[in-house]
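File shown here: input.txt, holding compact mmCIF, C-alpha atoms.
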# COMPACT_ATOMS: atom_id res chain seq x y z
CA MET A 17 16.31 18.99 2.97
CA ALA A 18 18.73 16.62 1.32
CA SER A 19 22.36 16.37 2.36
CA THR A 20 24.96 16.71 -0.38
CA VAL A 21 27.81 15.31 1.70
CA PHE A 22 27.61 11.81 3.11
CA PRO A 23 28.11 12.23 6.88
CA ALA A 24 31.23 10.59 8.30
CA ALA A 25 30.77 8.53 11.41
CA SER A 26 31.83 10.47 14.47
CA ALA A 27 34.01 8.92 17.14
CA GLY A 28 31.99 8.03 20.21
CA LYS A 29 28.65 7.90 18.39
CA THR A 30 26.42 4.85 18.21
CA MET A 31 24.33 3.81 15.22
CA TYR A 32 20.63 3.23 15.79
CA ARG A 33 17.87 1.83 13.62
CA VAL A 34 14.12 2.11 13.98
CA THR A 35 11.21 1.05 11.80
CA LEU A 36 8.04 3.13 11.54
CA THR A 37 4.93 1.07 10.75
CA SER A 38 2.16 3.56 11.57
CA GLY A 39 1.64 7.13 12.75
CA THR A 40 2.23 10.47 11.05
CA SER A 41 4.91 12.38 12.96
CA TYR A 42 8.50 11.42 13.83
CA THR A 43 10.51 13.24 16.49
CA VAL A 44 14.20 13.45 15.65
CA PRO A 45 16.26 11.93 18.49
CA THR A 46 18.76 13.97 20.47
CA GLY A 47 22.08 14.26 18.67
CA ALA A 48 20.80 12.96 15.30
CA LEU A 49 21.99 15.44 12.65
CA TYR A 50 21.43 13.14 9.65
CA LEU A 51 18.92 10.42 8.93
CA ASN A 52 19.27 7.57 6.44
CA VAL A 53 15.73 6.60 5.57
CA THR A 54 14.45 3.75 3.41
CA LEU A 55 10.81 4.02 2.34
CA TYR A 56 8.74 1.00 1.30
CA GLY A 57 5.53 1.71 -0.63
CA GLY A 58 2.42 -0.36 0.02
CA GLY A 59 2.12 -3.62 -1.94
CA GLY A 60 -0.53 -3.97 -4.61
CA GLY A 61 -3.39 -6.39 -4.29
CA ALA A 62 -3.72 -9.37 -6.62
CA GLY A 63 -6.53 -9.54 -9.14
CA GLY A 64 -9.72 -11.43 -8.49
CA CYS A 65 -10.45 -14.69 -10.30
CA GLN A 66 -13.81 -15.46 -11.89
CA ALA A 67 -13.85 -18.55 -14.08
CA ASN A 68 -17.53 -19.37 -14.27
CA THR A 69 -19.07 -16.13 -15.47
CA GLY A 70 -22.35 -17.41 -16.91
CA GLY A 71 -24.14 -14.29 -15.77
CA ASN A 72 -22.04 -13.84 -12.61
CA GLY A 73 -20.51 -10.43 -12.02
CA ALA A 74 -17.02 -9.88 -13.40
CA SER A 75 -13.93 -10.06 -11.23
CA SER A 76 -11.93 -6.89 -10.66
CA ASN A 77 -8.26 -5.86 -10.83
CA GLY A 78 -6.32 -5.52 -7.60
CA SER A 79 -5.80 -2.01 -6.29
CA SER A 80 -2.46 -0.24 -6.13
CA GLY A 81 -0.74 0.15 -2.79
CA GLY A 82 -0.46 3.63 -1.26
CA SER A 83 2.69 5.79 -1.41
CA THR A 84 4.93 6.04 1.64
CA THR A 85 6.24 9.55 2.26
CA PHE A 86 8.66 11.24 4.69
CA THR A 87 9.23 14.98 4.41
CA GLY A 88 12.66 15.60 2.88
CA ALA A 89 13.01 12.08 1.52
CA THR A 90 12.10 10.67 -1.87
CA SER A 91 8.65 9.06 -1.76
CA ALA A 92 8.14 5.37 -2.46
CA SER A 93 5.13 4.65 -4.63
CA GLY A 94 2.90 1.66 -4.02
CA GLY A 95 2.96 -1.45 -6.16
CA SER A 96 0.42 -1.79 -8.95
CA GLY A 97 -2.55 -4.06 -8.54
CA GLY A 98 -2.55 -7.39 -10.32
CA ALA A 99 -4.72 -8.09 -13.33
CA ARG A 100 -8.04 -9.88 -12.90
CA GLN A 101 -8.79 -13.26 -14.40
CA ASN A 102 -12.25 -13.29 -15.90
CA ASN A 103 -12.78 -16.33 -18.08
CA GLY A 104 -16.05 -17.71 -19.32
CA ALA A 105 -14.97 -21.33 -19.42
CA GLY A 106 -17.81 -22.37 -17.18
CA GLY A 107 -17.93 -25.80 -15.62
CA ASN A 108 -17.89 -26.73 -11.98
CA ALA A 109 -15.22 -25.52 -9.60
CA GLN A 110 -13.04 -28.32 -8.21
CA SER A 111 -10.86 -26.20 -6.01
CA THR A 112 -10.38 -22.55 -5.32
CA GLY A 113 -7.59 -20.78 -3.54
CA THR A 114 -8.13 -17.28 -2.20
CA GLY A 115 -4.94 -15.30 -2.61
CA THR A 116 -3.00 -14.98 0.63
CA ALA A 117 -2.61 -11.45 1.95
CA ALA A 118 0.94 -10.15 2.24
CA THR A 119 2.29 -9.49 5.73
CA ALA A 120 1.48 -6.05 7.15
CA ASN A 121 4.25 -3.45 6.74
CA SER A 122 6.18 -5.66 4.30
CA GLY A 123 5.35 -3.63 1.18
CA LEU A 124 4.95 -6.92 -0.68
CA GLY A 125 2.27 -7.69 -3.26
CA GLY A 126 -0.67 -9.95 -2.55
CA GLU A 127 -0.82 -13.56 -3.79
CA SER A 128 -2.83 -14.50 -6.86
CA ALA A 129 -6.21 -16.16 -6.60
CA GLU A 130 -6.57 -19.59 -8.20
CA TYR A 131 -9.53 -21.43 -9.66
CA LEU A 132 -9.57 -25.00 -11.00
CA CYS A 133 -12.63 -26.27 -12.80
CA TYR A 134 -13.67 -28.86 -15.34
CA SER A 135 -15.59 -28.02 -18.46
CA GLY A 136 -18.64 -29.96 -19.53
CA GLY A 137 -16.36 -32.22 -21.56
CA GLY A 138 -14.20 -33.02 -18.53
CA VAL A 139 -11.27 -30.87 -19.64
CA PRO A 140 -9.55 -29.26 -16.64
CA PHE A 141 -8.92 -25.53 -16.61
CA ASN A 142 -6.64 -23.82 -14.11
CA PHE A 143 -7.03 -20.07 -13.92
CA THR A 144 -4.77 -17.73 -11.97
CA SER A 145 -5.10 -13.99 -11.52
CA GLY A 146 -2.23 -11.53 -11.67
CA LYS A 147 -0.12 -11.15 -8.51
CA GLY A 148 0.03 -7.73 -6.85
CA MET A 149 3.29 -5.87 -7.41
CA ASP A 150 5.64 -5.11 -4.53
CA GLY A 151 5.86 -1.49 -3.43
CA ASN A 152 8.80 0.65 -4.54
CA VAL A 153 11.84 0.86 -2.19
CA VAL A 154 13.75 4.16 -2.06
CA SER A 155 16.57 5.31 0.26
CA SER A 156 17.53 8.90 1.04
CA THR A 157 19.86 10.75 3.36
CA LEU A 158 18.60 13.97 4.89
CA SER A 159 19.86 16.39 7.48
CA SER A 160 17.73 16.67 10.59
CA THR A 161 17.21 18.92 13.62
CA PRO A 162 17.32 17.09 16.95
CA GLY A 163 13.99 17.48 18.70
CA GLY A 164 12.27 18.57 15.52
CA THR A 165 9.30 16.72 14.03
CA ILE A 166 9.04 15.27 10.55
CA ALA A 167 5.73 14.38 8.95
CA TYR A 168 5.35 11.02 7.24
CA ALA A 169 2.69 8.69 5.87
CA ILE A 170 2.73 4.90 5.63
CA GLY A 171 1.32 3.69 2.32
CA ALA A 172 -1.68 1.42 2.79
CA SER A 173 -1.94 -2.05 1.32
CA GLY A 174 -3.63 -2.39 -2.04
CA GLY A 175 -6.89 -4.26 -1.77
CA GLY A 176 -7.22 -7.61 -3.48
CA GLY A 177 -9.54 -7.65 -6.48
CA SER A 178 -12.97 -9.13 -5.92
CA GLY A 179 -13.77 -12.52 -7.42
CA ASN A 180 -17.43 -11.49 -7.40
CA THR A 181 -20.20 -14.09 -7.52
CA SER A 182 -18.77 -17.60 -7.11
CA GLY A 183 -15.31 -16.21 -7.80
CA VAL A 184 -12.16 -16.02 -5.68
CA ASP A 185 -10.67 -12.83 -4.22
CA GLY A 186 -7.05 -11.84 -4.80
CA GLY A 187 -4.78 -11.42 -1.79
CA SER A 188 -4.29 -7.88 -0.49
CA GLY A 189 -0.83 -6.35 -0.47
CA GLY A 190 1.20 -5.52 2.63
CA SER A 191 1.22 -1.94 3.93
CA GLY A 192 4.46 -0.02 3.67
CA LYS A 193 7.04 0.98 6.29
CA ILE A 194 9.96 3.33 6.89
CA ASP A 195 13.39 2.17 8.10
CA ILE A 196 15.43 4.93 9.78
CA GLU A 197 19.14 4.73 10.59
CA TYR A 198 20.93 7.48 12.49
CA TRP A 199 24.03 8.17 14.59
CA ALA A 200 23.65 9.74 18.01
CA MET B 29 -5.64 -1.58 14.59
CA GLU B 30 -4.71 1.41 12.45
CA ARG B 31 -7.49 2.93 10.41
CA THR B 32 -6.97 3.46 6.70
CA PHE B 33 -7.56 6.86 5.10
CA ALA B 34 -7.84 8.12 1.54
CA VAL B 35 -5.93 11.36 0.94
CA ILE B 36 -8.03 13.53 -1.35
CA GLU B 37 -6.77 16.55 -3.28
CA ASN B 38 -8.87 18.33 -5.92
CA SER B 39 -11.57 15.63 -5.68
CA ILE B 40 -9.09 12.91 -6.64
CA VAL B 41 -7.82 10.10 -4.41
CA GLU B 42 -4.08 10.87 -4.36
CA ASN B 43 -2.99 8.27 -1.83
CA ILE B 44 -4.27 5.73 0.65
CA ILE B 45 -2.37 5.66 3.92
CA VAL B 46 -2.39 3.81 7.20
CA GLY B 47 -3.09 5.89 10.27
CA VAL B 48 -3.75 9.60 10.68
CA GLU B 49 -4.01 11.40 14.01
CA ASP B 50 -7.55 12.30 15.02
CA GLU B 51 -6.76 16.00 15.28
CA VAL B 52 -5.30 16.02 11.77
CA VAL B 53 -8.48 14.42 10.39
CA ALA B 54 -10.64 16.85 12.35
CA ALA B 55 -8.70 19.81 10.93
CA ASN B 56 -8.91 18.49 7.34
CA PRO B 57 -12.23 16.58 7.07
CA THR B 58 -12.40 16.86 3.28
CA LYS B 59 -8.78 15.81 2.77
CA TYR B 60 -8.72 12.66 4.90
CA VAL B 61 -11.65 10.31 4.43
CA GLU B 62 -11.74 6.96 6.14
CA TYR B 63 -11.37 4.23 3.56
CA PHE B 64 -12.99 0.82 3.68
CA LYS B 65 -11.18 -1.52 1.31
CA GLU B 66 -14.11 -3.91 1.15
CA SER B 67 -16.10 -1.36 -0.79
CA PRO B 68 -13.98 1.15 -2.71
CA ALA B 69 -17.19 2.72 -3.98
CA HIS B 70 -17.66 4.25 -0.53
CA ILE B 71 -15.25 6.95 -1.60
CA GLY B 72 -17.46 7.94 -4.53
CA LEU B 73 -14.74 10.18 -5.96
CA GLY B 74 -12.49 10.04 -8.98
CA TRP B 75 -9.37 7.91 -9.16
CA ASN B 76 -6.01 9.35 -10.22
CA GLU B 77 -5.00 7.16 -13.17
CA SER B 78 -1.51 8.68 -13.30
CA THR B 79 -0.69 7.32 -9.86
CA GLY B 80 -2.05 3.90 -10.69
CA PHE B 81 -5.20 3.76 -8.63
CA GLU B 82 -7.79 1.83 -10.62
CA GLN B 83 -11.53 1.52 -10.32
CA PRO B 84 -13.12 -1.90 -10.02
CA VAL B 85 -14.06 -3.10 -13.49
CA GLU B 86 -17.78 -3.44 -14.12
CA GLU B 87 -19.44 -5.32 -16.95

Show this structure as structure tokens.
Amino acid sequence: MASTVFPAASAGKTMYRVTLTSGTSYTVPTGALYLNVTLYGGGGGAGGCQANTGGNGASSNGSSGGSTTFTGATSASGGSGGARQNNGAGGNAQSTGTGTAATANSGLGGESAEYLCYSGGGVPFNFTSGKGMDGNVVSSTLSSTPGGTIAYAIGASGGGGSGNTSGVDGGSGGSGKIDIEYWA
Amino acid sequence: MERTFAVIENSIVENIIVGVEDEVVAANPTKYVEYFKESPAHIGLGWNESTGFEQPVEE
């Protein structure tokens, strides 16, 4: 349940912060009557990069990150997946860079995949897929019952899109997290 | 390492989350399905376009 009055700090109370990165149930600490929670949705994965189709399977878009939820708080949706790069330029790959995965529990989007090749005429082509979008960040204040339990879910990372045959995969997003601040 | 689960409601993947307690999965076997990101097709169910989950594009 949401609080309509911002709680004033009480004399003699100490502020605490904790980050939830996994699990499904939070036990409210002794003396905590209000919780300030910030939810980070899972980051989206970057698209895959396929720049030499010639019969190879197409690359795919990155997947969206999962939503992070905490009963009583506003949910944070995951970031959208990045667009694929699927170009039929052909030629031989000179360098490829698999997108780097975002750090776990950061809610950040995955890094784009990159593909550099030269066409038959020696013209260089540099292809980059779409980066995964960062997860949404939402803060809420809710009243809480000390000793009670609150259900929550950490949004998963969005998977990076596949580069498919001879292609390059996009980086996966970072899973979400929940920051909790309370006075006790 | 936390296992990843798809949250399924009305035959649609509504969310993908990190970590669910074993007893919760056991009590709701059709709602929580372990998800393997390497092969999204393992789920074999519909994707909820309104929440932004997309299927791999096939040509």

(message) Give me, as number ranges by chain, the residues of chain A touching chain B, with the criterion being at most 10 Å (counting all atoms listed in the file).
(response) A: 37-41, 57-58, 60, 72-85, 93-97, 100, 121, 168-178, 188, 191-193

(message) I'd like the neighbourhood of stretch 151-161 of chain A as a count of residues only, where a residue qualifies if any of its atoms comes within 8 Å (using all atoms listed in the file), though same-chain residues fewer than 2 positions away should be ignored.
(response) 35

(request) Name the closest residue to A:Phe141 among the candidates A:Pro162, A:Thr119, A:Glu197, A:Ser111; distances are taken between atoms, counting only C-alpha atoms. (result) A:Ser111

(message) Using Å and a single decimal, report how far atom CA of A:Ile194 sits from atom CA of A:Tyr32.
(response)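 Answer for the atom CA of A:Tyr32 to atom CA of A:Ile194 separation: 13.9 Å.
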
(request) Extract, using all atoms listed in the file, all DNA, RNA and protein residues at most 8 Å from A:Gly146, discarding same-chain residues fewer than 5 positions from it, and format them as a PyMOL selection string. (result) chain A and resi 62-63+98-101+128-129

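Across the structure, atom CA of A:Glu130 and atom CA of A:Gly115 are spaced 7.2 Å apart.
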
(request) Would you mind reading off the distance between atom CA of B:Ile40 and atom CA of A:Gly64, one decimal, in Å? (result) 24.4 Å

Provide stretch 53-64 of chain B rebuilt to N, CA, C and O atoms, formatted as a PDB file, in the frame of the given file.
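Everything below was put into result.pdb:
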ATOM      1  N   VAL B  53      -7.256  14.699  11.142  1.00  0.00           N
ATOM      2  CA  VAL B  53      -8.480  14.420  10.390  1.00  0.00           C
ATOM      3  C   VAL B  53      -9.516  15.485  10.686  1.00  0.00           C
ATOM      4  O   VAL B  53     -10.191  15.988   9.788  1.00  0.00           O
ATOM      5  N   ALA B  54      -9.646  15.858  11.960  1.00  0.00           N
ATOM      6  CA  ALA B  54     -10.640  16.850  12.350  1.00  0.00           C
ATOM      7  C   ALA B  54     -10.355  18.204  11.688  1.00  0.00           C
ATOM      8  O   ALA B  54     -11.278  18.926  11.314  1.00  0.00           O
ATOM      9  N   ALA B  55      -9.076  18.523  11.533  1.00  0.00           N
ATOM     10  CA  ALA B  55      -8.700  19.810  10.930  1.00  0.00           C
ATOM     11  C   ALA B  55      -8.853  19.802   9.416  1.00  0.00           C
ATOM     12  O   ALA B  55      -8.951  20.856   8.792  1.00  0.00           O
ATOM     13  N   ASN B  56      -8.826  18.604   8.802  1.00  0.00           N
ATOM     14  CA  ASN B  56      -8.910  18.490   7.340  1.00  0.00           C
ATOM     15  C   ASN B  56      -9.941  17.423   6.960  1.00  0.00           C
ATOM     16  O   ASN B  56      -9.592  16.406   6.364  1.00  0.00           O
ATOM     17  N   PRO B  57     -11.220  17.622   7.283  1.00  0.00           N
ATOM     18  CA  PRO B  57     -12.230  16.580   7.070  1.00  0.00           C
ATOM     19  C   PRO B  57     -12.460  16.234   5.607  1.00  0.00           C
ATOM     20  O   PRO B  57     -12.889  15.119   5.301  1.00  0.00           O
ATOM     21  N   THR B  58     -12.181  17.170   4.696  1.00  0.00           N
ATOM     22  CA  THR B  58     -12.400  16.860   3.280  1.00  0.00           C
ATOM     23  C   THR B  58     -11.153  16.244   2.644  1.00  0.00           C
ATOM     24  O   THR B  58     -11.220  15.701   1.552  1.00  0.00           O
ATOM     25  N   LYS B  59     -10.020  16.354   3.327  1.00  0.00           N
ATOM     26  CA  LYS B  59      -8.780  15.810   2.770  1.00  0.00           C
ATOM     27  C   LYS B  59      -8.557  14.355   3.186  1.00  0.00           C
ATOM     28  O   LYS B  59      -8.053  13.543   2.411  1.00  0.00           O
ATOM     29  N   TYR B  60      -8.908  14.031   4.405  1.00  0.00           N
ATOM     30  CA  TYR B  60      -8.720  12.660   4.900  1.00  0.00           C
ATOM     31  C   TYR B  60     -10.091  12.030   5.120  1.00  0.00           C
ATOM     32  O   TYR B  60     -10.859  12.455   5.975  1.00  0.00           O
ATOM     33  N   VAL B  61     -10.363  11.006   4.345  1.00  0.00           N
ATOM     34  CA  VAL B  61     -11.650  10.310   4.430  1.00  0.00           C
ATOM     35  C   VAL B  61     -11.363   8.850   4.746  1.00  0.00           C
ATOM     36  O   VAL B  61     -10.561   8.211   4.049  1.00  0.00           O
ATOM     37  N   GLU B  62     -12.007   8.346   5.780  1.00  0.00           N
ATOM     38  CA  GLU B  62     -11.740   6.960   6.140  1.00  0.00           C
ATOM     39  C   GLU B  62     -12.107   6.037   4.992  1.00  0.00           C
ATOM     40  O   GLU B  62     -13.132   6.209   4.335  1.00  0.00           O
ATOM     41  N   TYR B  63     -11.264   5.080   4.751  1.00  0.00           N
ATOM     42  CA  TYR B  63     -11.370   4.230   3.560  1.00  0.00           C
ATOM     43  C   TYR B  63     -11.628   2.795   3.981  1.00  0.00           C
ATOM     44  O   TYR B  63     -10.923   2.253   4.822  1.00  0.00           O
ATOM     45  N   PHE B  64     -12.644   2.202   3.391  1.00  0.00           N
ATOM     46  CA  PHE B  64     -12.990   0.820   3.680  1.00  0.00           C
ATOM     47  C   PHE B  64     -12.691  -0.003   2.439  1.00  0.00           C
ATOM     48  O   PHE B  64     -13.396   0.067   1.453  1.00  0.00           O
TER      49      PHE B  64
END
